[in-house]
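Structure data follow from coords_7.cif (mmCIF, C-alpha atoms):
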data_run
loop_
_atom_site.group_PDB
_atom_site.id
_atom_site.type_symbol
_atom_site.label_atom_id
_atom_site.label_comp_id
_atom_site.auth_asym_id
_atom_site.auth_seq_id
_atom_site.Cartn_x
_atom_site.Cartn_y
_atom_site.Cartn_z
ATOM 1 C CA MET A 18 18.078 2.208 1.208
ATOM 2 C CA GLY A 19 17.799 3.361 4.762
ATOM 3 C CA GLY A 20 18.235 1.436 7.975
ATOM 4 C CA ALA A 21 14.872 -0.270 7.686
ATOM 5 C CA ARG A 22 16.180 -2.567 4.968
ATOM 6 C CA SER A 23 19.373 -3.430 6.818
ATOM 7 C CA GLY A 24 17.597 -4.910 9.801
ATOM 8 C CA GLY A 25 17.983 -2.039 12.233
ATOM 9 C CA SER A 26 17.491 1.667 12.612
ATOM 10 C CA ALA A 27 17.910 4.577 14.943
ATOM 11 C CA HIS A 28 14.329 3.851 16.002
ATOM 12 C CA GLY A 29 15.252 0.247 16.791
ATOM 13 C CA PRO A 30 15.509 -3.127 15.115
ATOM 14 C CA LEU A 31 12.884 -4.129 12.582
ATOM 15 C CA ALA A 32 11.201 -7.442 11.971
ATOM 16 C CA GLN A 33 8.654 -8.693 9.542
ATOM 17 C CA GLY A 34 5.796 -10.653 10.934
ATOM 18 C CA PRO A 35 2.109 -11.091 10.692
ATOM 19 C CA VAL A 36 -0.252 -8.262 11.452
ATOM 20 C CA ALA A 37 -3.583 -9.377 12.825
ATOM 21 C CA GLU A 38 -6.387 -9.008 10.316
ATOM 22 C CA GLY A 39 -8.779 -6.325 11.472
ATOM 23 C CA ARG A 40 -9.843 -2.696 11.493
ATOM 24 C CA TYR A 41 -7.209 -0.070 12.331
ATOM 25 C CA ARG A 42 -6.497 3.615 12.318
ATOM 26 C CA LEU A 43 -2.992 4.301 10.988
ATOM 27 C CA ARG A 44 -1.434 7.196 12.883
ATOM 28 C CA ASN A 45 1.672 8.860 11.474
ATOM 29 C CA VAL A 46 4.321 9.002 14.208
ATOM 30 C CA GLY A 47 5.864 12.218 12.864
ATOM 31 C CA SER A 48 2.658 14.250 12.612
ATOM 32 C CA GLY A 49 0.303 12.432 14.978
ATOM 33 C CA LEU A 50 -2.327 12.530 12.198
ATOM 34 C CA LEU A 51 -4.414 9.667 10.778
ATOM 35 C CA LEU A 52 -4.232 8.163 7.294
ATOM 36 C CA GLU A 53 -7.490 8.898 5.485
ATOM 37 C CA ILE A 54 -9.057 9.400 2.091
ATOM 38 C CA ALA A 55 -9.399 13.121 1.475
ATOM 39 C CA GLY A 56 -12.935 14.360 2.002
ATOM 40 C CA GLY A 57 -14.219 10.821 2.622
ATOM 41 C CA ARG A 58 -14.507 10.392 -1.149
ATOM 42 C CA ALA A 59 -15.684 7.028 -2.435
ATOM 43 C CA GLY A 60 -14.306 7.038 -5.981
ATOM 44 C CA SER A 61 -11.190 5.418 -7.378
ATOM 45 C CA GLY A 62 -8.333 7.891 -7.625
ATOM 46 C CA ALA A 63 -9.212 9.807 -4.454
ATOM 47 C CA LYS A 64 -5.982 10.803 -2.741
ATOM 48 C CA ALA A 65 -4.816 9.581 0.631
ATOM 49 C CA ARG A 66 -3.654 12.153 3.160
ATOM 50 C CA HIS A 67 -3.033 12.375 6.871
ATOM 51 C CA ALA A 68 -5.342 14.568 8.904
ATOM 52 C CA ALA A 69 -6.706 15.192 12.392
ATOM 53 C CA ASP A 70 -8.911 12.505 13.913
ATOM 54 C CA ASP A 71 -12.527 13.233 12.990
ATOM 55 C CA GLY A 72 -13.994 9.866 13.961
ATOM 56 C CA SER A 73 -15.037 9.055 10.397
ATOM 57 C CA GLU A 74 -14.904 5.692 8.660
ATOM 58 C CA SER A 75 -12.637 7.265 5.995
ATOM 59 C CA GLN A 76 -9.899 7.090 8.663
ATOM 60 C CA VAL A 77 -10.433 3.380 9.312
ATOM 61 C CA TRP A 78 -8.605 0.693 7.320
ATOM 62 C CA ARG A 79 -9.274 -3.026 7.118
ATOM 63 C CA VAL A 80 -5.965 -4.876 7.073
ATOM 64 C CA LEU A 81 -6.482 -8.050 5.049
ATOM 65 C CA PRO A 82 -3.847 -10.627 4.071
ATOM 66 C CA VAL A 83 -3.257 -10.954 0.323
ATOM 67 C CA HIS A 84 -2.855 -14.723 0.862
ATOM 68 C CA PRO A 85 -3.120 -16.426 4.259
ATOM 69 C CA GLY A 86 0.293 -16.501 5.942
ATOM 70 C CA ALA A 87 2.083 -14.616 3.130
ATOM 71 C CA GLY A 88 2.946 -11.443 5.084
ATOM 72 C CA LEU A 89 1.566 -9.124 2.379
ATOM 73 C CA TYR A 90 -1.555 -7.100 3.018
ATOM 74 C CA HIS A 91 -4.287 -5.078 1.383
ATOM 75 C CA LEU A 92 -5.451 -1.928 3.148
ATOM 76 C CA GLU A 93 -9.140 -1.413 2.427
ATOM 77 C CA ASN A 94 -10.815 1.841 3.381
ATOM 78 C CA ALA A 95 -13.791 1.140 5.661
ATOM 79 C CA ALA A 96 -15.873 3.972 4.176
ATOM 80 C CA SER A 97 -15.328 3.333 0.463
ATOM 81 C CA GLY A 98 -14.348 -0.344 0.302
ATOM 82 C CA LYS A 99 -11.481 0.651 -2.011
ATOM 83 C CA ARG A 100 -7.829 -0.319 -1.529
ATOM 84 C CA LEU A 101 -4.829 1.832 -0.759
ATOM 85 C CA ASP A 102 -2.895 2.013 -4.027
ATOM 86 C CA VAL A 103 0.284 3.519 -5.518
ATOM 87 C CA MET A 104 -0.895 5.830 -8.302
ATOM 88 C CA GLY A 105 -0.294 4.271 -11.717
ATOM 89 C CA ALA A 106 1.761 1.439 -10.170
ATOM 90 C CA ARG A 107 4.724 3.778 -10.527
ATOM 91 C CA THR A 108 7.985 3.095 -8.730
ATOM 92 C CA GLU A 109 9.722 6.470 -8.412
ATOM 93 C CA ASP A 110 9.913 8.668 -5.321
ATOM 94 C CA GLY A 111 7.123 11.141 -4.686
ATOM 95 C CA VAL A 112 4.266 9.201 -6.288
ATOM 96 C CA PRO A 113 0.978 9.959 -4.493
ATOM 97 C CA ILE A 114 -0.919 7.269 -2.641
ATOM 98 C CA GLN A 115 -4.596 6.945 -3.535
ATOM 99 C CA GLN A 116 -7.485 4.511 -3.268
ATOM 100 C CA TRP A 117 -8.585 2.306 -6.145
ATOM 101 C CA SER A 118 -10.977 -0.549 -6.759
ATOM 102 C CA PRO A 119 -9.452 -3.982 -6.085
ATOM 103 C CA ASN A 120 -7.527 -5.038 -9.181
ATOM 104 C CA GLY A 121 -4.993 -7.734 -8.288
ATOM 105 C CA PHE A 122 -1.936 -5.552 -9.023
ATOM 106 C CA GLY A 123 1.080 -5.248 -6.720
ATOM 107 C CA ALA A 124 0.375 -1.513 -6.375
ATOM 108 C CA GLN A 125 -2.243 -2.530 -3.789
ATOM 109 C CA GLU A 126 0.002 -4.854 -1.765
ATOM 110 C CA TRP A 127 1.774 -3.681 1.365
ATOM 111 C CA LEU A 128 4.442 -5.036 3.672
ATOM 112 C CA PHE A 129 4.535 -3.989 7.333
ATOM 113 C CA GLU A 130 8.041 -3.704 8.788
ATOM 114 C CA ARG A 131 7.605 -3.868 12.546
ATOM 115 C CA HIS A 132 9.644 -1.619 14.858
ATOM 116 C CA VAL A 133 10.208 -4.187 17.589
ATOM 117 C CA ASP A 134 11.111 -1.619 20.242
ATOM 118 C CA ALA A 135 7.885 0.345 19.606
ATOM 119 C CA PRO A 136 4.959 -2.121 19.638
ATOM 120 C CA GLY A 137 2.307 -1.353 17.065
ATOM 121 C CA THR A 138 4.640 0.873 15.012
ATOM 122 C CA PHE A 139 5.533 -0.019 11.418
ATOM 123 C CA THR A 140 7.114 1.216 8.244
ATOM 124 C CA VAL A 141 4.496 0.511 5.552
ATOM 125 C CA VAL A 142 6.214 -0.487 2.304
ATOM 126 C CA ALA A 143 4.677 -0.613 -1.174
ATOM 127 C CA VAL A 144 5.445 -4.019 -2.690
ATOM 128 C CA ILE A 145 5.420 -2.567 -6.242
ATOM 129 C CA SER A 146 8.330 -0.199 -5.486
ATOM 130 C CA GLY A 147 9.911 -1.181 -2.179
ATOM 131 C CA LYS A 148 9.343 2.405 -1.002
ATOM 132 C CA ALA A 149 7.901 3.600 2.299
ATOM 133 C CA VAL A 150 4.576 5.395 2.728
ATOM 134 C CA GLU A 151 5.381 8.889 3.960
ATOM 135 C CA GLY A 152 3.193 11.590 5.444
ATOM 136 C CA CYS A 153 4.252 14.996 4.085
ATOM 137 C CA ALA A 154 4.133 18.384 5.807
ATOM 138 C CA ASP A 155 1.349 19.550 3.436
ATOM 139 C CA GLY A 156 -0.887 16.632 4.537
ATOM 140 C CA SER A 157 -0.354 14.571 1.392
ATOM 141 C CA VAL A 158 0.839 10.965 1.465
ATOM 142 C CA ARG A 159 3.379 9.593 -1.011
ATOM 143 C CA GLN A 160 5.846 6.790 -1.510
ATOM 144 C CA GLN A 161 9.462 7.692 -0.825
ATOM 145 C CA GLU A 162 12.817 5.968 -0.441
ATOM 146 C CA ASP A 163 13.153 4.762 3.144
ATOM 147 C CA ALA A 164 14.682 7.562 5.223
ATOM 148 C CA ASP A 165 14.076 5.846 8.577
ATOM 149 C CA ALA A 166 12.207 8.939 9.731
ATOM 150 C CA PRO A 167 9.081 9.451 11.864
ATOM 151 C CA ALA A 168 7.167 10.705 8.787
ATOM 152 C CA GLN A 169 7.468 7.110 7.491
ATOM 153 C CA TRP A 170 6.480 5.362 10.733
ATOM 154 C CA TRP A 171 2.847 4.410 11.302
ATOM 155 C CA ARG A 172 1.146 3.215 14.479
ATOM 156 C CA LEU A 173 -1.657 0.701 14.014
ATOM 157 C CA GLU A 174 -4.454 1.492 16.463
ATOM 158 C CA PRO A 175 -7.362 -0.991 16.635
ATOM 159 C CA ALA A 176 -10.577 0.688 15.539
#
Represent the supplied structure as structure tokens.
Amino acid sequence: MGGARSGGSAHGPLAQGPVAEGRYRLRNVGSGLLLEIAGGRAGSGAKARHAADDGSESQVWRVLPVHPGAGLYHLENAASGKRLDVMGARTEDGVPIQQWSPNGFGAQEWLFERHVDAPGTFTVVAVISGKAVEGCADGSVRQQEDADAPAQWWRLEPA
């Protein structure tokens, strides 16, 4: 794995710690675009992507602890009420990220690895696979082995 798992990176040291429960926009550091559900769709299976800020609720995420004090989180889309989810609970690189109804599976649990030298910036890691959420050049969002790259860094902006 990349530097994020070894406790440091070219971007700076990392730390795990609580994220305040609340509503956020997640901005990809590499692209400057926001995590959203494509087309503002409400159904399970709608793909996540990163796109220009349009002010919609499909670009707002409620960060909710899985269990109080546990350090694992659900990301619930404010428009649809569905959770960010690794498609099919698969663990390999390149699997798309989607939204799905709450189901209690680890594919909907996320860990935020804080970049301590860049407040509000995190690597978002899928608990099911240990892989980072990555914004791709084509606008899609997938899970990928940690490359300690800006495409895998997300800034949490209160919404």
Pick from A:Glu53, A:Glu174, A:Asp155, A:Glu162 nearest to Ser97 of chain A, counting all atoms listed in the file: A:Glu53
What is the atom CA of Gly72 of chain A-atom CA of Gly49 of chain A distance in Å, reported with one decimal?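 Rounded to one decimal, the two atoms are 14.6 Å apart.
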To test your reading of the syntax: which residues would the PyMOL selection byres ((chain A and resi 87-89) around 10) return for the file shown? Reply as a PyMOL selection string. chain A and resi 33-36+80-86+90-91+123+125-130+142-144
Create the file for the chosen residues now, containing C-alpha atoms and written as an mmCIF file, in the coordinates of the input.
data_model
loop_
_atom_site.group_PDB
_atom_site.id
_atom_site.type_symbol
_atom_site.label_atom_id
_atom_site.label_comp_id
_atom_site.auth_asym_id
_atom_site.auth_seq_id
_atom_site.Cartn_x
_atom_site.Cartn_y
_atom_site.Cartn_z
ATOM 1 C CA GLN A 33 8.654 -8.693 9.542
ATOM 2 C CA GLY A 34 5.796 -10.653 10.934
ATOM 3 C CA PRO A 35 2.109 -11.091 10.692
ATOM 4 C CA VAL A 36 -0.252 -8.262 11.452
ATOM 5 C CA VAL A 80 -5.965 -4.876 7.073
ATOM 6 C CA LEU A 81 -6.482 -8.050 5.049
ATOM 7 C CA PRO A 82 -3.847 -10.627 4.071
ATOM 8 C CA VAL A 83 -3.257 -10.954 0.323
ATOM 9 C CA HIS A 84 -2.855 -14.723 0.862
ATOM 10 C CA PRO A 85 -3.120 -16.426 4.259
ATOM 11 C CA GLY A 86 0.293 -16.501 5.942
ATOM 12 C CA TYR A 90 -1.555 -7.100 3.018
ATOM 13 C CA HIS A 91 -4.287 -5.078 1.383
ATOM 14 C CA GLY A 123 1.080 -5.248 -6.720
ATOM 15 C CA GLN A 125 -2.243 -2.530 -3.789
ATOM 16 C CA GLU A 126 0.002 -4.854 -1.765
ATOM 17 C CA TRP A 127 1.774 -3.681 1.365
ATOM 18 C CA LEU A 128 4.442 -5.036 3.672
ATOM 19 C CA PHE A 129 4.535 -3.989 7.333
ATOM 20 C CA GLU A 130 8.041 -3.704 8.788
ATOM 21 C CA VAL A 142 6.214 -0.487 2.304
ATOM 22 C CA ALA A 143 4.677 -0.613 -1.174
ATOM 23 C CA VAL A 144 5.445 -4.019 -2.690
#
12 Å contact set for Ala65 of chain A, only C-alpha atoms, chain neighbours under 3 positions out, as a PDB file with C-alpha atoms, keeping the file's coordinate frame:
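Final output, saved to around_10.pdb:
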ATOM      1  CA  LEU A  43      -2.992   4.301  10.988  1.00  0.00           C
ATOM      2  CA  LEU A  51      -4.414   9.667  10.778  1.00  0.00           C
ATOM      3  CA  LEU A  52      -4.232   8.163   7.294  1.00  0.00           C
ATOM      4  CA  GLU A  53      -7.490   8.898   5.485  1.00  0.00           C
ATOM      5  CA  ILE A  54      -9.057   9.400   2.091  1.00  0.00           C
ATOM      6  CA  ALA A  55      -9.399  13.121   1.475  1.00  0.00           C
ATOM      7  CA  GLY A  56     -12.935  14.360   2.002  1.00  0.00           C
ATOM      8  CA  GLY A  57     -14.219  10.821   2.622  1.00  0.00           C
ATOM      9  CA  ARG A  58     -14.507  10.392  -1.149  1.00  0.00           C
ATOM     10  CA  ALA A  59     -15.684   7.028  -2.435  1.00  0.00           C
ATOM     11  CA  GLY A  60     -14.306   7.038  -5.981  1.00  0.00           C
ATOM     12  CA  SER A  61     -11.190   5.418  -7.378  1.00  0.00           C
ATOM     13  CA  GLY A  62      -8.333   7.891  -7.625  1.00  0.00           C
ATOM     14  CA  ALA A  68      -5.342  14.568   8.904  1.00  0.00           C
ATOM     15  CA  SER A  75     -12.637   7.265   5.995  1.00  0.00           C
ATOM     16  CA  GLN A  76      -9.899   7.090   8.663  1.00  0.00           C
ATOM     17  CA  TRP A  78      -8.605   0.693   7.320  1.00  0.00           C
ATOM     18  CA  LEU A  92      -5.451  -1.928   3.148  1.00  0.00           C
ATOM     19  CA  GLU A  93      -9.140  -1.413   2.427  1.00  0.00           C
ATOM     20  CA  ASN A  94     -10.815   1.841   3.381  1.00  0.00           C
ATOM     21  CA  LYS A  99     -11.481   0.651  -2.011  1.00  0.00           C
ATOM     22  CA  ARG A 100      -7.829  -0.319  -1.529  1.00  0.00           C
ATOM     23  CA  LEU A 101      -4.829   1.832  -0.759  1.00  0.00           C
ATOM     24  CA  ASP A 102      -2.895   2.013  -4.027  1.00  0.00           C
ATOM     25  CA  VAL A 103       0.284   3.519  -5.518  1.00  0.00           C
ATOM     26  CA  MET A 104      -0.895   5.830  -8.302  1.00  0.00           C
ATOM     27  CA  VAL A 112       4.266   9.201  -6.288  1.00  0.00           C
ATOM     28  CA  PRO A 113       0.978   9.959  -4.493  1.00  0.00           C
ATOM     29  CA  ILE A 114      -0.919   7.269  -2.641  1.00  0.00           C
ATOM     30  CA  GLN A 115      -4.596   6.945  -3.535  1.00  0.00           C
ATOM     31  CA  GLN A 116      -7.485   4.511  -3.268  1.00  0.00           C
ATOM     32  CA  TRP A 117      -8.585   2.306  -6.145  1.00  0.00           C
ATOM     33  CA  VAL A 150       4.576   5.395   2.728  1.00  0.00           C
ATOM     34  CA  GLU A 151       5.381   8.889   3.960  1.00  0.00           C
ATOM     35  CA  GLY A 152       3.193  11.590   5.444  1.00  0.00           C
ATOM     36  CA  CYS A 153       4.252  14.996   4.085  1.00  0.00           C
ATOM     37  CA  GLY A 156      -0.887  16.632   4.537  1.00  0.00           C
ATOM     38  CA  SER A 157      -0.354  14.571   1.392  1.00  0.00           C
ATOM     39  CA  VAL A 158       0.839  10.965   1.465  1.00  0.00           C
ATOM     40  CA  ARG A 159       3.379   9.593  -1.011  1.00  0.00           C
ATOM     41  CA  GLN A 160       5.846   6.790  -1.510  1.00  0.00           C
TER      42      GLN A 160
END
Kindly indicate which residue among A:Arg172, A:Arg79, A:Lys64, A:Arg107 lies nearest to Val141 of chain A, using all atoms listed in the file for the distances. A:Arg172
Each side padded by 3 Å, which centre and which edge lengths in Å (one decimal) define the axis-aligned box around the listed atoms of segment 127-134 of chain A? Give them as AutoDock Vina command-line options.
--center_x 6.4 --center_y -3.3 --center_z 10.8 --size_x 15.3 --size_y 9.4 --size_z 24.9
